Amino acid sequence: MSESPGLDGLRVLAHPVRLRILSLLTGVAMSAAEAARELGETQANVSYHVRRLHEAGLLDVAEEVRIRGGLAKRYRHDPESGSRFTSKNPAEEQLLIATMAEELKRRSEFRLPGERGSTSDAEMWVDRETWEKALEHARELGRLLHSAARPPRTRGTIPVSATVAMFAMRRP
């Protein structure tokens, strides 16, 4: 049974291990056991989170393979599947953004010193046209990176982090 978008939908997204699973399974289809090894998590933990993500419609079964006499499902994430998880409830959105912020802190520990990157932070007033243009650039950035995602340690690739949270604010 699929979770409906709303608090449960955002909760399924608002967990650091689930964010990592979604990122990982954008570049390659994996079973829960394979994903657990890659993420350094227990198989039981990853299996639980994979089930929740699949129930919510964020992971698709890409294939089923026989492994040591058993049947293993390999899952894949379509980044477009998350677009239906929106909310007008600030508490729900804050939950997801807080999880993204925590995941960004974890990833920052792996930043390569001296390697080029980009950091930007802004709280400002802009005209509606500029705001809409900035949102489209952010969406295009997400599409570009997700479409280029490859399996971990693929020759010629490097691990990267990208976190974008853009939102209009209420007037103070």
# chains A, B, ... in the order shown; residues from 1 in each chain; ligands from 1
>>> residues_around(residues="Ala36 (chain A)", least_positions_apart="3", cutoff="12 Å", atoms="only C-alpha atoms", output="PDB file with N, CA, C and O atoms, in the first residue's frame")
ATOM      1  N   VAL A  17      19.191   8.072   6.433  1.00  0.00           N
ATOM      2  CA  VAL A  17      19.530   6.834   5.713  1.00  0.00           C
ATOM      3  C   VAL A  17      18.711   6.737   4.434  1.00  0.00           C
ATOM      4  O   VAL A  17      19.209   6.318   3.392  1.00  0.00           O
ATOM      5  N   ARG A  18      17.470   7.173   4.495  1.00  0.00           N
ATOM      6  CA  ARG A  18      16.627   7.118   3.295  1.00  0.00           C
ATOM      7  C   ARG A  18      17.126   8.076   2.225  1.00  0.00           C
ATOM      8  O   ARG A  18      17.110   7.751   1.046  1.00  0.00           O
ATOM      9  N   ARG A  20      20.195   8.878   1.781  1.00  0.00           N
ATOM     10  CA  ARG A  20      21.394   8.225   1.234  1.00  0.00           C
ATOM     11  C   ARG A  20      21.017   7.077   0.298  1.00  0.00           C
ATOM     12  O   ARG A  20      21.648   6.885  -0.743  1.00  0.00           O
ATOM     13  N   ILE A  21      19.987   6.310   0.651  1.00  0.00           N
ATOM     14  CA  ILE A  21      19.534   5.211  -0.206  1.00  0.00           C
ATOM     15  C   ILE A  21      19.032   5.764  -1.535  1.00  0.00           C
ATOM     16  O   ILE A  21      19.380   5.251  -2.605  1.00  0.00           O
ATOM     17  N   LEU A  24      21.992   6.838  -3.639  1.00  0.00           N
ATOM     18  CA  LEU A  24      22.726   5.674  -4.127  1.00  0.00           C
ATOM     19  C   LEU A  24      21.982   4.985  -5.263  1.00  0.00           C
ATOM     20  O   LEU A  24      22.571   4.650  -6.294  1.00  0.00           O
ATOM     21  N   LEU A  25      20.682   4.786  -5.085  1.00  0.00           N
ATOM     22  CA  LEU A  25      19.913   4.016  -6.061  1.00  0.00           C
ATOM     23  C   LEU A  25      19.455   4.847  -7.250  1.00  0.00           C
ATOM     24  O   LEU A  25      18.730   4.363  -8.106  1.00  0.00           O
ATOM     25  N   MET A  30      20.188  -1.785  -6.914  1.00  0.00           N
ATOM     26  CA  MET A  30      20.834  -2.639  -5.916  1.00  0.00           C
ATOM     27  C   MET A  30      19.779  -3.304  -5.050  1.00  0.00           C
ATOM     28  O   MET A  30      18.697  -2.766  -4.858  1.00  0.00           O
ATOM     29  N   SER A  31      20.163  -4.438  -4.489  1.00  0.00           N
ATOM     30  CA  SER A  31      19.335  -5.076  -3.471  1.00  0.00           C
ATOM     31  C   SER A  31      19.594  -4.352  -2.150  1.00  0.00           C
ATOM     32  O   SER A  31      20.562  -3.590  -2.018  1.00  0.00           O
ATOM     33  N   ALA A  32      18.765  -4.625  -1.173  1.00  0.00           N
ATOM     34  CA  ALA A  32      18.965  -4.024   0.149  1.00  0.00           C
ATOM     35  C   ALA A  32      20.311  -4.449   0.724  1.00  0.00           C
ATOM     36  O   ALA A  32      21.011  -3.646   1.344  1.00  0.00           O
ATOM     37  N   ALA A  33      20.702  -5.709   0.511  1.00  0.00           N
ATOM     38  CA  ALA A  33      21.985  -6.188   1.032  1.00  0.00           C
ATOM     39  C   ALA A  33      23.150  -5.461   0.363  1.00  0.00           C
ATOM     40  O   ALA A  33      24.113  -5.060   1.034  1.00  0.00           O
ATOM     41  N   LEU A  39      26.627   1.412   1.968  1.00  0.00           N
ATOM     42  CA  LEU A  39      26.384   2.499   2.917  1.00  0.00           C
ATOM     43  C   LEU A  39      27.001   2.262   4.288  1.00  0.00           C
ATOM     44  O   LEU A  39      26.994   3.151   5.132  1.00  0.00           O
ATOM     45  N   GLY A  40      27.508   1.038   4.524  1.00  0.00           N
ATOM     46  CA  GLY A  40      28.071   0.729   5.830  1.00  0.00           C
ATOM     47  C   GLY A  40      27.006   0.623   6.904  1.00  0.00           C
ATOM     48  O   GLY A  40      27.245   0.931   8.077  1.00  0.00           O
ATOM     49  N   GLU A  41      25.819   0.204   6.520  1.00  0.00           N
ATOM     50  CA  GLU A  41      24.689   0.044   7.448  1.00  0.00           C
ATOM     51  C   GLU A  41      24.349  -1.441   7.544  1.00  0.00           C
ATOM     52  O   GLU A  41      24.798  -2.237   6.719  1.00  0.00           O
ATOM     53  N   THR A  42      23.516  -1.812   8.504  1.00  0.00           N
ATOM     54  CA  THR A  42      23.114  -3.210   8.606  1.00  0.00           C
ATOM     55  C   THR A  42      22.080  -3.518   7.519  1.00  0.00           C
ATOM     56  O   THR A  42      21.315  -2.636   7.099  1.00  0.00           O
ATOM     57  N   GLN A  43      22.051  -4.779   7.113  1.00  0.00           N
ATOM     58  CA  GLN A  43      21.090  -5.181   6.096  1.00  0.00           C
ATOM     59  C   GLN A  43      19.661  -5.011   6.599  1.00  0.00           C
ATOM     60  O   GLN A  43      18.779  -4.574   5.869  1.00  0.00           O
ATOM     61  N   ALA A  44      19.425  -5.341   7.858  1.00  0.00           N
ATOM     62  CA  ALA A  44      18.085  -5.210   8.423  1.00  0.00           C
ATOM     63  C   ALA A  44      17.613  -3.754   8.381  1.00  0.00           C
ATOM     64  O   ALA A  44      16.460  -3.476   8.017  1.00  0.00           O
ATOM     65  N   ASN A  45      18.484  -2.829   8.738  1.00  0.00           N
ATOM     66  CA  ASN A  45      18.148  -1.414   8.737  1.00  0.00           C
ATOM     67  C   ASN A  45      17.835  -0.934   7.323  1.00  0.00           C
ATOM     68  O   ASN A  45      16.814  -0.288   7.083  1.00  0.00           O
ATOM     69  N   VAL A  46      18.696  -1.265   6.389  1.00  0.00           N
ATOM     70  CA  VAL A  46      18.493  -0.821   5.005  1.00  0.00           C
ATOM     71  C   VAL A  46      17.259  -1.490   4.411  1.00  0.00           C
ATOM     72  O   VAL A  46      16.481  -0.844   3.701  1.00  0.00           O
ATOM     73  N   SER A  47      17.042  -2.754   4.696  1.00  0.00           N
ATOM     74  CA  SER A  47      15.848  -3.450   4.189  1.00  0.00           C
ATOM     75  C   SER A  47      14.575  -2.738   4.644  1.00  0.00           C
ATOM     76  O   SER A  47      13.637  -2.549   3.858  1.00  0.00           O
ATOM     77  N   TYR A  48      14.545  -2.355   5.909  1.00  0.00           N
ATOM     78  CA  TYR A  48      13.386  -1.639   6.442  1.00  0.00           C
ATOM     79  C   TYR A  48      13.153  -0.334   5.671  1.00  0.00           C
ATOM     80  O   TYR A  48      12.040  -0.034   5.231  1.00  0.00           O
ATOM     81  N   HIS A  49      14.213   0.445   5.497  1.00  0.00           N
ATOM     82  CA  HIS A  49      14.090   1.739   4.821  1.00  0.00           C
ATOM     83  C   HIS A  49      13.755   1.561   3.340  1.00  0.00           C
ATOM     84  O   HIS A  49      12.976   2.345   2.786  1.00  0.00           O
ATOM     85  N   VAL A  50      14.314   0.555   2.702  1.00  0.00           N
ATOM     86  CA  VAL A  50      14.000   0.282   1.293  1.00  0.00           C
ATOM     87  C   VAL A  50      12.516  -0.055   1.153  1.00  0.00           C
ATOM     88  O   VAL A  50      11.842   0.428   0.235  1.00  0.00           O
TER      89      VAL A  50
END
>>> closest_residue(among="A:Arg66, A:Arg76, A:Arg171, A:Arg128", to="Leu22 (chain A)", atoms="only C-alpha atoms")
A:Arg76
>>> select_by_dssp(residues="chain A", states="strand (DSSP E)", output="list in words")
Leu59, Asp60, Val61, Ala62, Glu63, Glu64, Val65, Arg66, Ile67, Gly70, Leu71, Ala72, Lys73, Arg74, Tyr75, Arg76 and His77 of chain A
>>> select_by_dssp(residues="region 15-129 of chain A", states="alpha helix (DSSP H)", output="PyMOL selection string")
chain A and resi 16-27+32-39+43-55+90-108+128-129
>>> closest_residue(among="A:Pro152, A:Pro16, A:Gly114, A:Gly57", to="Leu95 (chain A)", atoms="only C-alpha atoms")
A:Pro16
>>> atom_distance(atom1="CA of Ile67 (chain A)", atom2="CA of Glu34 (chain A)")
11.6 Å
>>> closest_residue(among="A:Thr154, A:Gly117, A:Phe167, A:Glu103", to="Ala134 (chain A)", atoms="only C-alpha atoms")
A:Phe167
>>> decode(residues="region 15-71 of chain A", atoms="C-alpha atoms", output="PDB file, in the first residue's frame")
ATOM      1  CA  HIS A  15      15.364  10.299   7.292  1.00  0.00           C
ATOM      2  CA  PRO A  16      19.132  10.510   6.662  1.00  0.00           C
ATOM      3  CA  VAL A  17      19.530   6.834   5.713  1.00  0.00           C
ATOM      4  CA  ARG A  18      16.627   7.118   3.295  1.00  0.00           C
ATOM      5  CA  LEU A  19      18.151  10.173   1.648  1.00  0.00           C
ATOM      6  CA  ARG A  20      21.394   8.225   1.234  1.00  0.00           C
ATOM      7  CA  ILE A  21      19.534   5.211  -0.206  1.00  0.00           C
ATOM      8  CA  LEU A  22      17.716   7.402  -2.720  1.00  0.00           C
ATOM      9  CA  SER A  23      20.978   9.027  -3.788  1.00  0.00           C
ATOM     10  CA  LEU A  24      22.726   5.674  -4.127  1.00  0.00           C
ATOM     11  CA  LEU A  25      19.913   4.016  -6.061  1.00  0.00           C
ATOM     12  CA  THR A  26      19.689   6.875  -8.542  1.00  0.00           C
ATOM     13  CA  GLY A  27      22.931   5.692 -10.151  1.00  0.00           C
ATOM     14  CA  VAL A  28      22.432   1.931  -9.969  1.00  0.00           C
ATOM     15  CA  ALA A  29      19.889  -0.749  -9.090  1.00  0.00           C
ATOM     16  CA  MET A  30      20.834  -2.639  -5.916  1.00  0.00           C
ATOM     17  CA  SER A  31      19.335  -5.076  -3.471  1.00  0.00           C
ATOM     18  CA  ALA A  32      18.965  -4.024   0.149  1.00  0.00           C
ATOM     19  CA  ALA A  33      21.985  -6.188   1.032  1.00  0.00           C
ATOM     20  CA  GLU A  34      24.140  -4.554  -1.661  1.00  0.00           C
ATOM     21  CA  ALA A  35      23.011  -1.085  -0.594  1.00  0.00           C
ATOM     22  CA  ALA A  36      23.731  -1.912   3.062  1.00  0.00           C
ATOM     23  CA  ARG A  37      27.315  -2.911   2.226  1.00  0.00           C
ATOM     24  CA  GLU A  38      27.828   0.257   0.200  1.00  0.00           C
ATOM     25  CA  LEU A  39      26.384   2.499   2.917  1.00  0.00           C
ATOM     26  CA  GLY A  40      28.071   0.729   5.830  1.00  0.00           C
ATOM     27  CA  GLU A  41      24.689   0.044   7.448  1.00  0.00           C
ATOM     28  CA  THR A  42      23.114  -3.210   8.606  1.00  0.00           C
ATOM     29  CA  GLN A  43      21.090  -5.181   6.096  1.00  0.00           C
ATOM     30  CA  ALA A  44      18.085  -5.210   8.423  1.00  0.00           C
ATOM     31  CA  ASN A  45      18.148  -1.414   8.737  1.00  0.00           C
ATOM     32  CA  VAL A  46      18.493  -0.821   5.005  1.00  0.00           C
ATOM     33  CA  SER A  47      15.848  -3.450   4.189  1.00  0.00           C
ATOM     34  CA  TYR A  48      13.386  -1.639   6.442  1.00  0.00           C
ATOM     35  CA  HIS A  49      14.090   1.739   4.821  1.00  0.00           C
ATOM     36  CA  VAL A  50      14.000   0.282   1.293  1.00  0.00           C
ATOM     37  CA  ARG A  51      10.566  -1.204   2.031  1.00  0.00           C
ATOM     38  CA  ARG A  52       9.261   2.153   3.247  1.00  0.00           C
ATOM     39  CA  LEU A  53      10.665   3.966   0.205  1.00  0.00           C
ATOM     40  CA  HIS A  54       9.196   1.349  -2.143  1.00  0.00           C
ATOM     41  CA  GLU A  55       5.777   1.545  -0.433  1.00  0.00           C
ATOM     42  CA  ALA A  56       5.861   5.327  -0.864  1.00  0.00           C
ATOM     43  CA  GLY A  57       6.524   4.969  -4.601  1.00  0.00           C
ATOM     44  CA  LEU A  58      10.073   6.350  -4.466  1.00  0.00           C
ATOM     45  CA  LEU A  59      11.817   3.088  -5.409  1.00  0.00           C
ATOM     46  CA  ASP A  60      10.930   0.760  -8.260  1.00  0.00           C
ATOM     47  CA  VAL A  61      11.851  -2.909  -8.524  1.00  0.00           C
ATOM     48  CA  ALA A  62      14.316  -2.851 -11.425  1.00  0.00           C
ATOM     49  CA  GLU A  63      14.950  -6.596 -11.487  1.00  0.00           C
ATOM     50  CA  GLU A  64      14.776  -9.787  -9.479  1.00  0.00           C
ATOM     51  CA  VAL A  65      17.849 -12.022  -9.347  1.00  0.00           C
ATOM     52  CA  ARG A  66      18.600 -15.440  -7.865  1.00  0.00           C
ATOM     53  CA  ILE A  67      21.281 -15.245  -5.192  1.00  0.00           C
ATOM     54  CA  ARG A  68      22.289 -18.407  -3.318  1.00  0.00           C
ATOM     55  CA  GLY A  69      18.918 -20.037  -3.929  1.00  0.00           C
ATOM     56  CA  GLY A  70      16.899 -16.992  -2.915  1.00  0.00           C
ATOM     57  CA  LEU A  71      15.250 -14.248  -4.894  1.00  0.00           C
TER      58      LEU A  71
END
